[in-house]
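K.L.:
Dropping in data.cif, with mmCIF, C-alpha atoms.
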```cif
data_model
loop_
_atom_site.group_PDB
_atom_site.id
_atom_site.type_symbol
_atom_site.label_atom_id
_atom_site.label_comp_id
_atom_site.auth_asym_id
_atom_site.auth_seq_id
_atom_site.Cartn_x
_atom_site.Cartn_y
_atom_site.Cartn_z
ATOM 1 C CA MET A 291 22.946 3.561 -60.622
ATOM 2 C CA LYS A 292 21.258 6.247 -58.566
ATOM 3 C CA LYS A 293 18.032 4.282 -58.678
ATOM 4 C CA VAL A 294 19.789 1.194 -57.384
ATOM 5 C CA LEU A 295 21.367 3.108 -54.498
ATOM 6 C CA ALA A 296 18.009 4.656 -53.548
ATOM 7 C CA PHE A 297 16.363 1.256 -53.612
ATOM 8 C CA LEU A 298 19.054 -0.213 -51.386
ATOM 9 C CA SER A 299 18.707 2.725 -48.980
ATOM 10 C CA ILE A 300 14.967 2.077 -48.669
ATOM 11 C CA ILE A 301 15.588 -1.630 -48.040
ATOM 12 C CA ALA A 302 18.097 -0.754 -45.272
ATOM 13 C CA MET A 303 15.667 1.627 -43.587
ATOM 14 C CA MET A 304 12.939 -1.007 -43.673
ATOM 15 C CA GLY A 305 15.317 -3.433 -42.006
ATOM 16 C CA LEU A 306 16.026 -0.955 -39.229
ATOM 17 C CA VAL A 307 12.322 -0.364 -38.618
ATOM 18 C CA SER A 308 11.514 -4.050 -38.565
ATOM 19 C CA CYS A 309 14.273 -4.677 -35.988
ATOM 20 C CA LYS A 310 12.973 -2.058 -33.508
ATOM 21 C CA LYS A 311 11.804 -3.771 -30.265
ATOM 22 C CA GLU A 312 8.313 -3.440 -28.847
ATOM 23 C CA PRO A 313 8.229 -1.836 -25.334
ATOM 24 C CA VAL A 314 8.026 -4.188 -22.360
ATOM 25 C CA ALA A 315 4.655 -4.146 -20.549
ATOM 26 C CA ALA A 316 5.214 -2.249 -17.301
ATOM 27 C CA THR A 317 3.830 -3.785 -14.097
ATOM 28 C CA ILE A 318 3.160 -2.389 -10.617
ATOM 29 C CA THR A 319 2.804 -4.484 -7.486
ATOM 30 C CA ALA A 320 1.396 -2.991 -4.269
ATOM 31 C CA ASN A 321 -0.629 -4.102 -1.284
ATOM 32 C CA ASP A 322 -3.688 -2.548 0.348
ATOM 33 C CA VAL A 323 -2.984 -0.288 3.321
ATOM 34 C CA THR A 324 -4.619 0.101 6.741
ATOM 35 C CA VAL A 325 -3.646 3.142 8.810
ATOM 36 C CA GLU A 326 -4.994 4.827 11.945
ATOM 37 C CA GLU A 327 -6.278 8.397 11.981
ATOM 38 C CA GLY A 328 -3.297 10.747 12.295
ATOM 39 C CA ALA A 329 -0.767 7.993 11.586
ATOM 40 C CA THR A 330 1.313 7.354 8.465
ATOM 41 C CA ALA A 331 1.991 4.082 6.668
ATOM 42 C CA LYS A 332 4.235 3.342 3.707
ATOM 43 C CA ILE A 333 2.813 1.799 0.538
ATOM 44 C CA SER A 334 4.984 -1.172 -0.327
ATOM 45 C CA ALA A 335 5.168 -0.858 -4.108
ATOM 46 C CA SER A 336 7.522 -1.888 -6.914
ATOM 47 C CA THR A 337 7.653 -1.765 -10.714
ATOM 48 C CA ASN A 338 9.730 -3.332 -13.451
ATOM 49 C CA SER A 339 9.789 -0.003 -15.285
ATOM 50 C CA THR A 340 12.574 2.543 -15.121
ATOM 51 C CA ALA A 341 9.920 5.222 -14.595
ATOM 52 C CA SER A 342 9.096 6.491 -11.099
ATOM 53 C CA ILE A 343 5.774 5.570 -9.492
ATOM 54 C CA THR A 344 3.329 8.399 -8.862
ATOM 55 C CA TYR A 345 0.543 8.249 -6.246
ATOM 56 C CA ALA A 346 -2.911 9.886 -6.049
ATOM 57 C CA SER A 347 -5.575 9.573 -3.345
ATOM 58 C CA ALA A 348 -9.203 9.369 -4.465
ATOM 59 C CA ASP A 349 -10.438 11.153 -1.320
ATOM 60 C CA ALA A 350 -8.028 13.450 0.497
ATOM 61 C CA SER A 351 -10.576 13.985 3.271
ATOM 62 C CA ILE A 352 -9.984 10.364 4.315
ATOM 63 C CA ALA A 353 -6.318 9.825 3.423
ATOM 64 C CA VAL A 354 -3.541 11.751 1.701
ATOM 65 C CA VAL A 355 -0.507 10.260 0.014
ATOM 66 C CA SER A 356 2.931 11.774 -0.564
ATOM 67 C CA ALA A 357 5.065 11.627 -3.699
ATOM 68 C CA THR A 358 7.038 8.802 -2.107
ATOM 69 C CA GLY A 359 3.981 6.678 -1.188
ATOM 70 C CA ASP A 360 3.500 7.620 2.471
ATOM 71 C CA VAL A 361 -0.225 7.434 3.348
ATOM 72 C CA THR A 362 -1.536 9.559 6.227
ATOM 73 C CA GLY A 363 -4.963 8.819 7.711
ATOM 74 C CA ILE A 364 -7.174 11.900 8.039
ATOM 75 C CA LYS A 365 -10.446 10.397 9.262
ATOM 76 C CA ALA A 366 -11.976 6.947 9.604
ATOM 77 C CA GLY A 367 -13.265 5.514 6.328
ATOM 78 C CA THR A 368 -12.140 3.857 3.114
ATOM 79 C CA THR A 369 -10.744 5.251 -0.115
ATOM 80 C CA THR A 370 -8.318 4.219 -2.856
ATOM 81 C CA VAL A 371 -4.866 5.263 -4.015
ATOM 82 C CA THR A 372 -3.939 4.987 -7.682
ATOM 83 C CA LEU A 373 -0.335 4.196 -8.592
ATOM 84 C CA LYS A 374 0.944 5.018 -12.098
ATOM 85 C CA VAL A 375 4.112 4.811 -14.171
ATOM 86 C CA ALA A 376 4.404 6.769 -17.388
ATOM 87 C CA ALA A 377 5.516 5.270 -20.694
ATOM 88 C CA VAL A 378 9.284 5.574 -21.083
ATOM 89 C CA GLU A 379 11.820 4.161 -23.515
ATOM 90 C CA GLY A 380 11.540 0.390 -23.387
ATOM 91 C CA PHE A 381 8.444 0.276 -21.143
ATOM 92 C CA SER A 382 4.750 0.926 -21.564
ATOM 93 C CA ALA A 383 2.621 2.918 -19.109
ATOM 94 C CA ALA A 384 0.891 1.092 -16.230
ATOM 95 C CA GLU A 385 -1.653 1.782 -13.495
ATOM 96 C CA LYS A 386 -2.779 -0.003 -10.297
ATOM 97 C CA THR A 387 -5.379 0.936 -7.649
ATOM 98 C CA ILE A 388 -5.169 -0.217 -4.038
ATOM 99 C CA ASN A 389 -7.609 0.097 -1.132
ATOM 100 C CA VAL A 390 -6.832 2.292 1.863
ATOM 101 C CA THR A 391 -8.668 1.810 5.163
ATOM 102 C CA VAL A 392 -8.380 4.471 7.851
ATOM 103 C CA THR A 393 -9.341 3.264 11.329
ATOM 104 C CA ALA A 394 -10.575 5.513 14.123
ATOM 105 C CA LYS A 395 -7.889 6.592 16.545
ATOM 106 C CA GLU A 396 -8.357 5.110 19.978
ATOM 107 C CA VAL A 397 -8.736 8.118 22.252
ATOM 108 C CA VAL A 398 -9.172 7.519 25.953
ATOM 109 C CA PRO A 399 -9.188 10.814 27.843
ATOM 110 C CA PRO A 400 -7.005 10.869 30.923
ATOM 111 C CA THR A 401 -8.866 10.175 34.133
ATOM 112 C CA PRO A 402 -8.106 12.551 37.018
ATOM 113 C CA SER A 403 -5.533 11.085 39.376
ATOM 114 C CA GLY A 404 -8.115 11.113 42.160
ATOM 115 C CA SER A 405 -10.301 8.501 40.420
ATOM 116 C CA ALA A 406 -9.933 4.962 41.686
ATOM 117 C CA ILE A 407 -10.754 3.476 38.260
ATOM 118 C CA LYS A 408 -8.752 3.963 35.070
ATOM 119 C CA ILE A 409 -10.219 3.063 31.670
ATOM 120 C CA ASP A 410 -7.310 1.029 30.374
ATOM 121 C CA GLY A 411 -8.630 -2.496 29.841
ATOM 122 C CA ASP A 412 -6.924 -3.657 33.056
ATOM 123 C CA PHE A 413 -9.540 -4.540 35.661
ATOM 124 C CA ALA A 414 -7.326 -4.988 38.722
ATOM 125 C CA ASP A 415 -8.408 -1.592 40.092
ATOM 126 C CA TRP A 416 -11.994 -2.875 40.376
ATOM 127 C CA GLY A 417 -10.796 -5.586 42.714
ATOM 128 C CA ALA A 418 -9.010 -2.978 44.808
ATOM 129 C CA LEU A 419 -12.181 -0.975 45.556
ATOM 130 C CA GLU A 420 -13.251 -1.073 49.170
ATOM 131 C CA THR A 421 -16.440 -2.962 49.953
ATOM 132 C CA GLY A 422 -19.348 -0.547 50.223
ATOM 133 C CA THR A 423 -17.905 2.007 47.813
ATOM 134 C CA PHE A 424 -19.519 0.411 44.751
ATOM 135 C CA THR A 425 -22.742 -1.406 43.843
ATOM 136 C CA LYS A 426 -22.606 -4.910 42.409
ATOM 137 C CA SER A 427 -25.388 -6.832 40.691
ATOM 138 C CA VAL A 428 -25.139 -10.394 39.388
ATOM 139 C CA SER A 429 -27.478 -12.144 36.985
ATOM 140 C CA ASP A 430 -30.314 -14.132 38.544
ATOM 141 C CA PRO A 431 -29.816 -17.857 37.745
ATOM 142 C CA ASP A 432 -33.443 -17.967 36.597
ATOM 143 C CA ALA A 433 -33.163 -14.915 34.313
ATOM 144 C CA PRO A 434 -34.302 -15.530 30.722
ATOM 145 C CA TRP A 435 -31.066 -13.977 29.405
ATOM 146 C CA ASP A 436 -27.740 -15.006 30.869
ATOM 147 C CA ALA A 437 -25.046 -13.744 28.487
ATOM 148 C CA VAL A 438 -23.983 -11.099 31.022
ATOM 149 C CA LYS A 439 -23.108 -12.336 34.493
ATOM 150 C CA GLU A 440 -22.207 -9.233 36.481
ATOM 151 C CA VAL A 441 -22.292 -5.425 36.493
ATOM 152 C CA ARG A 442 -20.594 -3.147 39.012
ATOM 153 C CA CYS A 443 -21.057 0.605 39.251
ATOM 154 C CA TYR A 444 -18.762 3.057 41.007
ATOM 155 C CA ALA A 445 -19.252 6.842 41.040
ATOM 156 C CA ASP A 446 -17.003 9.675 42.142
ATOM 157 C CA ALA A 447 -17.431 13.435 41.765
ATOM 158 C CA ASP A 448 -16.262 13.426 38.141
ATOM 159 C CA PHE A 449 -17.315 10.129 36.599
ATOM 160 C CA VAL A 450 -19.606 7.127 36.774
ATOM 161 C CA PHE A 451 -17.839 3.843 36.039
ATOM 162 C CA TYR A 452 -19.289 0.496 34.961
ATOM 163 C CA TYR A 453 -17.638 -2.924 35.044
ATOM 164 C CA ILE A 454 -19.243 -5.618 32.881
ATOM 165 C CA LYS A 455 -18.496 -9.334 32.899
ATOM 166 C CA TYR A 456 -19.855 -11.493 30.075
ATOM 167 C CA ASP A 457 -20.204 -15.239 30.125
ATOM 168 C CA ALA A 458 -17.035 -16.204 28.221
ATOM 169 C CA GLU A 459 -18.641 -18.946 26.124
ATOM 170 C CA SER A 460 -21.662 -16.802 25.222
ATOM 171 C CA LEU A 461 -19.400 -13.884 24.285
ATOM 172 C CA GLU A 462 -17.228 -16.062 22.057
ATOM 173 C CA GLU A 463 -20.321 -17.294 20.237
ATOM 174 C CA LEU A 464 -21.694 -13.760 19.835
ATOM 175 C CA LEU A 465 -18.446 -12.365 18.474
ATOM 176 C CA SER A 466 -18.116 -15.197 15.961
ATOM 177 C CA ASN A 467 -20.414 -12.991 13.866
ATOM 178 C CA ALA A 468 -18.189 -10.245 12.452
ATOM 179 C CA ASN A 469 -21.239 -7.960 12.126
ATOM 180 C CA GLU A 470 -21.999 -8.090 15.859
ATOM 181 C CA THR A 471 -21.761 -4.694 17.590
ATOM 182 C CA LEU A 472 -23.128 -5.612 21.044
ATOM 183 C CA PRO A 473 -25.457 -2.625 21.539
ATOM 184 C CA ILE A 474 -25.869 -1.360 25.090
ATOM 185 C CA ARG A 475 -28.091 1.073 26.982
ATOM 186 C CA LEU A 476 -26.984 2.786 30.178
ATOM 187 C CA ASN A 477 -30.178 3.714 32.007
ATOM 188 C CA PHE A 478 -30.534 6.414 34.677
ATOM 189 C CA ASN A 479 -33.240 7.412 37.102
ATOM 190 C CA THR A 480 -32.009 10.834 38.187
ATOM 191 C CA ASP A 481 -35.123 12.499 39.638
ATOM 192 C CA GLY A 482 -35.552 10.188 42.617
ATOM 193 C CA GLU A 483 -39.139 9.206 41.903
ATOM 194 C CA PHE A 484 -40.855 6.618 39.759
ATOM 195 C CA GLU A 485 -43.870 8.404 38.307
ATOM 196 C CA SER A 486 -41.933 9.470 35.210
ATOM 197 C CA GLY A 487 -39.623 7.583 32.931
ATOM 198 C CA TYR A 488 -39.708 4.338 31.025
ATOM 199 C CA THR A 489 -42.051 1.699 32.403
ATOM 200 C CA SER A 490 -42.387 -0.992 29.737
ATOM 201 C CA TYR A 491 -39.735 -3.402 31.001
ATOM 202 C CA PHE A 492 -39.566 -4.716 34.564
ATOM 203 C CA LEU A 493 -41.071 -1.498 35.974
ATOM 204 C CA GLU A 494 -37.763 0.263 35.336
ATOM 205 C CA HIS A 495 -38.630 3.921 35.865
ATOM 206 C CA TYR A 496 -35.610 5.528 34.292
ATOM 207 C CA ASP A 497 -35.568 8.966 32.702
ATOM 208 C CA LEU A 498 -32.425 9.166 30.593
ATOM 209 C CA ILE A 499 -30.498 6.622 28.541
ATOM 210 C CA ILE A 500 -27.207 6.546 26.681
ATOM 211 C CA GLU A 501 -27.037 4.143 23.752
ATOM 212 C CA GLY A 502 -23.813 2.799 22.322
ATOM 213 C CA SER A 503 -21.997 -0.381 21.340
ATOM 214 C CA LEU A 504 -19.074 -2.421 22.582
ATOM 215 C CA ALA A 505 -17.851 -4.454 19.604
ATOM 216 C CA SER A 506 -16.759 -4.144 15.999
ATOM 217 C CA ALA A 507 -15.652 -6.711 13.415
ATOM 218 C CA GLY A 508 -16.214 -9.588 15.809
ATOM 219 C CA GLN A 509 -14.238 -8.315 18.792
ATOM 220 C CA PHE A 510 -14.430 -5.842 21.665
ATOM 221 C CA ALA A 511 -13.681 -2.299 20.484
ATOM 222 C CA PRO A 512 -13.373 1.109 22.167
ATOM 223 C CA TYR A 513 -16.870 2.265 23.165
ATOM 224 C CA VAL A 514 -18.760 3.467 20.086
ATOM 225 C CA GLU A 515 -21.046 6.251 21.197
ATOM 226 C CA GLY A 516 -24.585 6.655 20.004
ATOM 227 C CA GLU A 517 -27.435 8.783 21.350
ATOM 228 C CA PHE A 518 -28.470 10.444 24.590
ATOM 229 C CA ASN A 519 -32.246 10.228 25.061
ATOM 230 C CA GLN A 520 -34.961 11.318 27.493
ATOM 231 C CA ARG A 521 -38.242 9.579 28.199
ATOM 232 C CA ILE A 522 -41.080 12.096 28.317
ATOM 233 C CA GLY A 523 -44.075 10.156 27.029
ATOM 234 C CA SER A 524 -41.791 8.774 24.331
ATOM 235 C CA TRP A 525 -38.065 8.744 23.824
ATOM 236 C CA VAL A 526 -36.686 12.106 22.695
ATOM 237 C CA LYS A 527 -33.186 12.380 21.293
ATOM 238 C CA LEU A 528 -31.197 14.976 23.212
ATOM 239 C CA ALA A 529 -27.837 14.665 21.474
ATOM 240 C CA ASP A 530 -25.314 12.343 19.914
ATOM 241 C CA ALA A 531 -23.035 11.145 22.677
ATOM 242 C CA GLY A 532 -19.934 11.288 20.509
ATOM 243 C CA VAL A 533 -18.261 14.176 22.294
ATOM 244 C CA GLY A 534 -16.358 12.351 25.011
ATOM 245 C CA LEU A 535 -19.401 11.728 27.189
ATOM 246 C CA VAL A 536 -18.648 8.000 27.321
ATOM 247 C CA THR A 537 -15.438 6.023 26.849
ATOM 248 C CA GLY A 538 -14.761 2.343 27.332
ATOM 249 C CA LEU A 539 -12.387 -0.549 26.685
ATOM 250 C CA GLY A 540 -12.673 -4.323 26.884
ATOM 251 C CA SER A 541 -10.397 -7.327 27.181
ATOM 252 C CA GLY A 542 -11.157 -11.038 27.383
ATOM 253 C CA ASN A 543 -14.753 -11.237 28.589
ATOM 254 C CA GLU A 544 -14.632 -8.016 30.643
ATOM 255 C CA TYR A 545 -15.412 -4.415 29.707
ATOM 256 C CA GLU A 546 -15.291 -1.086 31.563
ATOM 257 C CA ILE A 547 -17.073 2.176 30.806
ATOM 258 C CA GLN A 548 -16.663 5.752 32.014
ATOM 259 C CA VAL A 549 -19.396 8.423 31.882
ATOM 260 C CA ASP A 550 -18.373 12.070 32.269
ATOM 261 C CA ARG A 551 -20.772 13.535 34.834
ATOM 262 C CA ALA A 552 -20.216 17.163 33.762
ATOM 263 C CA LEU A 553 -21.138 16.393 30.142
ATOM 264 C CA PHE A 554 -24.018 14.188 31.268
ATOM 265 C CA ASN A 555 -25.486 17.057 33.293
ATOM 266 C CA GLN A 556 -24.876 19.479 30.440
ATOM 267 C CA PHE A 557 -27.080 17.366 28.194
ATOM 268 C CA ALA A 558 -29.592 16.646 30.954
ATOM 269 C CA ASN A 559 -30.026 20.338 31.771
ATOM 270 C CA ALA A 560 -30.765 21.022 28.112
ATOM 271 C CA SER A 561 -33.566 18.449 28.097
ATOM 272 C CA THR A 562 -37.320 19.021 28.103
ATOM 273 C CA ILE A 563 -37.334 18.540 31.856
ATOM 274 C CA PRO A 564 -33.858 19.123 33.356
ATOM 275 C CA MET A 565 -32.715 15.947 35.097
ATOM 276 C CA PRO A 566 -29.056 16.253 36.156
ATOM 277 C CA MET A 567 -27.399 13.392 37.995
ATOM 278 C CA GLY A 568 -27.256 13.968 41.731
ATOM 279 C CA ASP A 569 -25.007 12.475 44.399
ATOM 280 C CA GLU A 570 -27.495 9.611 44.707
ATOM 281 C CA PHE A 571 -29.174 8.077 41.652
ATOM 282 C CA GLN A 572 -30.309 4.739 40.227
ATOM 283 C CA THR A 573 -28.983 2.938 37.177
ATOM 284 C CA SER A 574 -29.249 -0.296 35.214
ATOM 285 C CA VAL A 575 -27.694 -1.680 32.034
ATOM 286 C CA ARG A 576 -29.491 -3.345 29.150
ATOM 287 C CA PHE A 577 -27.615 -5.476 26.654
ATOM 288 C CA TYR A 578 -28.589 -6.428 23.112
ATOM 289 C CA THR A 579 -27.347 -8.382 20.128
ATOM 290 C CA ASP A 580 -27.310 -6.842 16.647
ATOM 291 C CA GLY A 581 -25.675 -9.473 14.449
ATOM 292 C CA GLY A 582 -28.796 -9.766 12.319
ATOM 293 C CA GLY A 583 -29.281 -6.011 11.886
ATOM 294 C CA LYS A 584 -32.049 -5.799 14.495
ATOM 295 C CA TRP A 585 -31.629 -5.281 18.215
ATOM 296 C CA GLU A 586 -32.639 -8.305 20.284
ATOM 297 C CA GLU A 587 -32.610 -8.463 24.070
ATOM 298 C CA LEU A 588 -29.541 -10.217 25.429
ATOM 299 C CA SER A 589 -29.398 -9.386 29.143
ATOM 300 C CA ASN A 590 -30.646 -6.910 31.702
ATOM 301 C CA ILE A 591 -28.739 -6.138 34.897
ATOM 302 C CA PRO A 592 -30.138 -6.076 37.529
ATOM 303 C CA ASN A 593 -32.685 -8.728 36.607
ATOM 304 C CA SER A 594 -33.896 -9.552 40.099
ATOM 305 C CA SER A 595 -34.867 -7.460 43.095
ATOM 306 C CA ILE A 596 -31.899 -6.168 45.062
ATOM 307 C CA ASP A 597 -34.098 -4.813 47.820
ATOM 308 C CA GLU A 598 -37.593 -6.236 48.202
ATOM 309 C CA GLU A 599 -38.598 -3.465 50.618
ATOM 310 C CA ALA A 600 -37.411 -0.612 48.410
ATOM 311 C CA GLY A 601 -40.722 -0.160 46.640
ATOM 312 C CA ASN A 602 -41.769 0.282 43.041
ATOM 313 C CA GLY A 603 -38.913 0.633 40.594
ATOM 314 C CA TYR A 604 -35.980 -0.078 42.876
ATOM 315 C CA GLY A 605 -36.148 -3.801 42.236
ATOM 316 C CA TYR A 606 -34.584 -3.443 38.815
ATOM 317 C CA LEU A 607 -32.279 -0.509 39.377
ATOM 318 C CA MET A 608 -29.015 -0.311 41.302
ATOM 319 C CA ARG A 609 -28.884 2.472 43.848
ATOM 320 C CA ILE A 610 -25.648 4.442 43.565
ATOM 321 C CA LYS A 611 -24.118 6.806 46.101
ATOM 322 C CA THR A 612 -21.285 9.055 44.955
ATOM 323 C CA ASN A 613 -17.934 8.581 46.680
ATOM 324 C CA LYS A 614 -16.354 11.908 47.501
#
```
With the file now loaded, output its structure as structure tokens.

P.N.:
Amino acid sequence: MKKVLAFLSIIAMMGLVSCKKEPVAATITANDVTVEEGATAKISASTNSTASITYASADASIAVVSATGDVTGIKAGTTTVTLKVAAVEGFSAAEKTINVTVTAKEVVPPTPSGSAIKIDGDFADWGALETGTFTKSVSDPDAPWDAVKEVRCYADADFVFYYIKYDAESLEELLSNANETLPIRLNFNTDGEFESGYTSYFLEHYDLIIEGSLASAGQFAPYVEGEFNQRIGSWVKLADAGVGLVTGLGSGNEYEIQVDRALFNQFANASTIPMPMGDEFQTSVRFYTDGGGKWEELSNIPNSSIDEEAGNGYGYLMRIKTNK
């Protein structure tokens, strides 16, 4: 009898084991996140599990994530966040990785109230400038490059400002390439003579240049600063310009740029031959396209003589007088 009872007990236990349910496969749904430097965005995530979701950033120098899925951008770049749920009664463990993109924070330093131009992407203040207080140069109809139609330059004691007007159709075509950055060179002749400086193109005797770009991902972007260079026999890099030397914004087919004169002169005075910007100077702007990974000439302003009697060099530089 005892043997029968033991056998029945074993059969019952086997029945219980065979009836035990397999855990449900846990799932996590979540979307990629884009957040600006210094800002916070919530990860929209859900799971069918009764377990709580945990979050971990792959690179905390780019983005950090809280226990509740709030992502804070630290610096521009890309990283990933891994979401996990642990195995609990009735559910298996699960894991999902999403991409996090941190975009650069748009920082436009305040312009002193005394400046007539504000870098804000609104160009009405350029139209309000009095005639004679700024220099304007338009593209020659016979110029080999015609993507840029007009450049204006206005200078006060603190800043030098540029207004740029692209041909709308040409700009639309250029920005159809998402890799286009629209490189630009701001050129300066600061020493008042034309025996030094760059002479390869159009007899433009300029001494210092600032390189940068105006576009990103197929659209105008806040000015992306590059290098500050001096021409002494060959171009010599003085410094990266990414310290607030230049700022700029664009809208439609127009763009405006601001150069901090104090920082400009700080770099210029540290050059091989000090060449600070005086109350009167000359400038021009060269435009390029970079959609194919190699700079190609797009436009040069001025591209025709603005004063035939001005002598060597002046024909392809705008003469600027500071408004005080």

K.L.:
Using only C-alpha atoms, which of the listed residues (A:Glu517, A:Glu470, A:Glu587, A:Asp580) sits closest to Pro434 in chain A?

P.N.:
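The shortest atom-to-atom distance to Pro434 in chain A comes from A:Glu587.
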
K.L.:
Might you pull out every residue within 6 Å of range 542-544 of chain A, with only C-alpha atoms counted and same-chain residues fewer than 6 positions away left off, and present them as a ChimeraX atom specification?

P.N.:
/A:454-456,458

K.L.:
Applied to the shown file, which residues does the PyMOL selection byres ((chain A and resi 374) around 6) return, written as a ChimeraX atom specification?

P.N.:
/A:343-344,373,375,384-385

K.L.:
How big is the axis-aligned box around the listed atoms of range 551-557 of chain A once 6 Å is added on each side, and where is its centre? Give both in Å to one decimal, as AutoDock Vina command-line options.

P.N.:
```
--center_x -23.6 --center_y 16.5 --center_z 31.5 --size_x 18.9 --size_y 17.9 --size_z 18.6
```

K.L.:
Ranking A:Ser382, A:Leu539, A:Asn338, A:Glu326 by minimum distance to Pro313 in chain A and counting only C-alpha atoms, which one comes first?

P.N.:
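Under the stated criterion, the closest residue is A:Ser382.
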